[in-house]
Amino acid sequence: MNQKVVAAILLSSLFSILYANAEGFKQEANRNSKIMSSTEFYQALRQTKPDQVAVNFGLPDKTQMLRDSAGDQEGVVWVYQNAVKTTEGMKDANFIIVRGEMKYVTLSKVT
């Protein structure tokens, strides 16, 4: 079997497992109608291991595929919309996940 196909299957399986076990601020926000402050977000982020994003933050509102120059899937961006309240207003939290591990986290203006 092609190595890229096997890697894609393993990556998909990992995401399925993370989705199945996900608990975090999205569910917490739904239960308590509460948005995370930037302080709460960064505290939760410090306690999150690179492969534990879904466990600590829950299911993303949307996902975007990351592709390399050849068009092959390289990773994924998990977007949590209107998730963090900052002094500048509401922000989306974006987790860049490559090969099943969180590599970068950004906050962006709500679009």
# chains A, B, ... in the order shown; residues from 1 in each chain; ligands from 1

$ select_by_dssp --residues "segment 47-106 of chain A" --states "strand (DSSP E or B)" --output "ChimeraX atom specification"
/A:62-67,73-86,89-98,101-106

$ write_last_selection --atoms "N, CA and C atoms" --output "short mmCIF file (atom, residue, chain, number, x, y, z; two decimals), in the first residue's frame"
data_model
loop_
_atom_site.label_atom_id
_atom_site.label_comp_id
_atom_site.auth_asym_id
_atom_site.auth_seq_id
_atom_site.Cartn_x
_atom_site.Cartn_y
_atom_site.Cartn_z
N LYS A 62 -15.19 24.51 12.37
CA LYS A 62 -14.91 24.15 10.98
C LYS A 62 -13.46 23.74 10.86
N THR A 63 -13.16 23.02 9.79
CA THR A 63 -11.80 22.58 9.52
C THR A 63 -11.40 22.99 8.11
N GLN A 64 -10.10 23.20 7.93
CA GLN A 64 -9.54 23.53 6.63
C GLN A 64 -8.31 22.65 6.41
N MET A 65 -8.21 22.07 5.24
CA MET A 65 -7.07 21.21 4.93
C MET A 65 -5.84 22.06 4.57
N LEU A 66 -4.68 21.60 5.01
CA LEU A 66 -3.41 22.20 4.61
C LEU A 66 -2.78 21.26 3.59
N ARG A 67 -2.37 21.81 2.47
CA ARG A 67 -1.77 20.99 1.41
C ARG A 67 -0.37 21.51 1.10
N GLN A 73 -2.23 16.29 1.20
CA GLN A 73 -2.63 16.80 2.51
C GLN A 73 -1.45 16.75 3.47
N GLU A 74 -1.15 17.90 4.07
CA GLU A 74 -0.04 18.02 4.99
C GLU A 74 -0.52 18.12 6.43
N GLY A 75 -1.71 18.67 6.62
CA GLY A 75 -2.26 18.85 7.95
C GLY A 75 -3.64 19.44 7.86
N VAL A 76 -4.08 20.01 8.97
CA VAL A 76 -5.43 20.56 9.04
C VAL A 76 -5.44 21.75 9.99
N VAL A 77 -6.34 22.69 9.75
CA VAL A 77 -6.53 23.81 10.67
C VAL A 77 -7.90 23.63 11.30
N TRP A 78 -7.93 23.58 12.63
CA TRP A 78 -9.20 23.52 13.35
C TRP A 78 -9.54 24.93 13.77
N VAL A 79 -10.73 25.38 13.42
CA VAL A 79 -11.16 26.74 13.72
C VAL A 79 -12.32 26.69 14.71
N TYR A 80 -12.13 27.38 15.83
CA TYR A 80 -13.18 27.56 16.83
C TYR A 80 -13.65 29.01 16.70
N GLN A 81 -14.84 29.21 16.17
CA GLN A 81 -15.33 30.55 15.87
C GLN A 81 -15.86 31.25 17.12
N ASN A 82 -15.57 32.56 17.23
CA ASN A 82 -16.03 33.39 18.35
C ASN A 82 -15.74 32.73 19.69
N ALA A 83 -14.57 32.17 19.85
CA ALA A 83 -14.27 31.37 21.02
C ALA A 83 -13.56 32.13 22.14
N VAL A 84 -12.85 33.21 21.79
CA VAL A 84 -12.02 33.89 22.78
C VAL A 84 -12.36 35.38 22.80
N LYS A 85 -12.65 35.88 23.98
CA LYS A 85 -12.93 37.31 24.14
C LYS A 85 -11.64 38.00 24.57
N THR A 86 -11.19 38.95 23.73
CA THR A 86 -9.97 39.71 24.03
C THR A 86 -10.33 41.17 24.21
N GLY A 89 -11.94 42.54 21.19
CA GLY A 89 -13.21 41.94 20.79
C GLY A 89 -13.09 40.43 20.66
N MET A 90 -14.09 39.83 20.01
CA MET A 90 -14.12 38.38 19.86
C MET A 90 -13.10 37.94 18.81
N LYS A 91 -12.48 36.77 19.07
CA LYS A 91 -11.48 36.21 18.16
C LYS A 91 -11.81 34.73 17.91
N ASP A 92 -11.41 34.29 16.71
CA ASP A 92 -11.44 32.86 16.40
C ASP A 92 -10.13 32.25 16.88
N ALA A 93 -10.19 31.03 17.38
CA ALA A 93 -8.98 30.29 17.74
C ALA A 93 -8.69 29.30 16.62
N ASN A 94 -7.47 29.33 16.11
CA ASN A 94 -7.06 28.48 15.00
C ASN A 94 -5.92 27.58 15.45
N PHE A 95 -6.13 26.28 15.38
CA PHE A 95 -5.11 25.31 15.75
C PHE A 95 -4.59 24.66 14.47
N ILE A 96 -3.30 24.77 14.21
CA ILE A 96 -2.70 24.15 13.04
C ILE A 96 -2.13 22.81 13.50
N ILE A 97 -2.67 21.74 12.92
CA ILE A 97 -2.31 20.38 13.32
C ILE A 97 -1.65 19.70 12.13
N VAL A 98 -0.42 19.24 12.32
CA VAL A 98 0.32 18.55 11.27
C VAL A 98 0.73 17.18 11.81
N GLU A 101 -0.32 16.33 15.42
CA GLU A 101 0.16 17.11 16.55
C GLU A 101 -0.04 18.60 16.32
N MET A 102 -0.43 19.30 17.38
CA MET A 102 -0.60 20.74 17.31
C MET A 102 0.77 21.39 17.10
N LYS A 103 0.87 22.20 16.04
CA LYS A 103 2.14 22.87 15.74
C LYS A 103 2.08 24.37 16.05
N TYR A 104 0.95 25.01 15.75
CA TYR A 104 0.80 26.45 15.96
C TYR A 104 -0.62 26.74 16.42
N VAL A 105 -0.77 27.85 17.13
CA VAL A 105 -2.09 28.33 17.54
C VAL A 105 -2.12 29.82 17.29
N THR A 106 -3.18 30.29 16.65
CA THR A 106 -3.33 31.72 16.43
C THR A 106 -4.74 32.15 16.82
#

$ residues_around --residues "Gln47 of chain A" --least-positions-apart "6" --cutoff "12 Å" --atoms "only C-alpha atoms" --output "list in words"
Glu40, Phe41, Val53, Val55, Asn56 and Phe57 of chain A

$ write_last_selection --atoms "C-alpha atoms" --output "PDB file, in the first residue's frame"
ATOM      1  CA  GLU A  40      -8.478  31.316  30.302  1.00  0.00           C
ATOM      2  CA  PHE A  41      -7.609  30.342  26.735  1.00  0.00           C
ATOM      3  CA  VAL A  53      -6.257  19.531  21.300  1.00  0.00           C
ATOM      4  CA  VAL A  55      -9.577  16.501  24.470  1.00  0.00           C
ATOM      5  CA  ASN A  56      -9.088  19.971  25.954  1.00  0.00           C
ATOM      6  CA  PHE A  57     -10.933  22.167  23.456  1.00  0.00           C
TER       7      PHE A  57
END
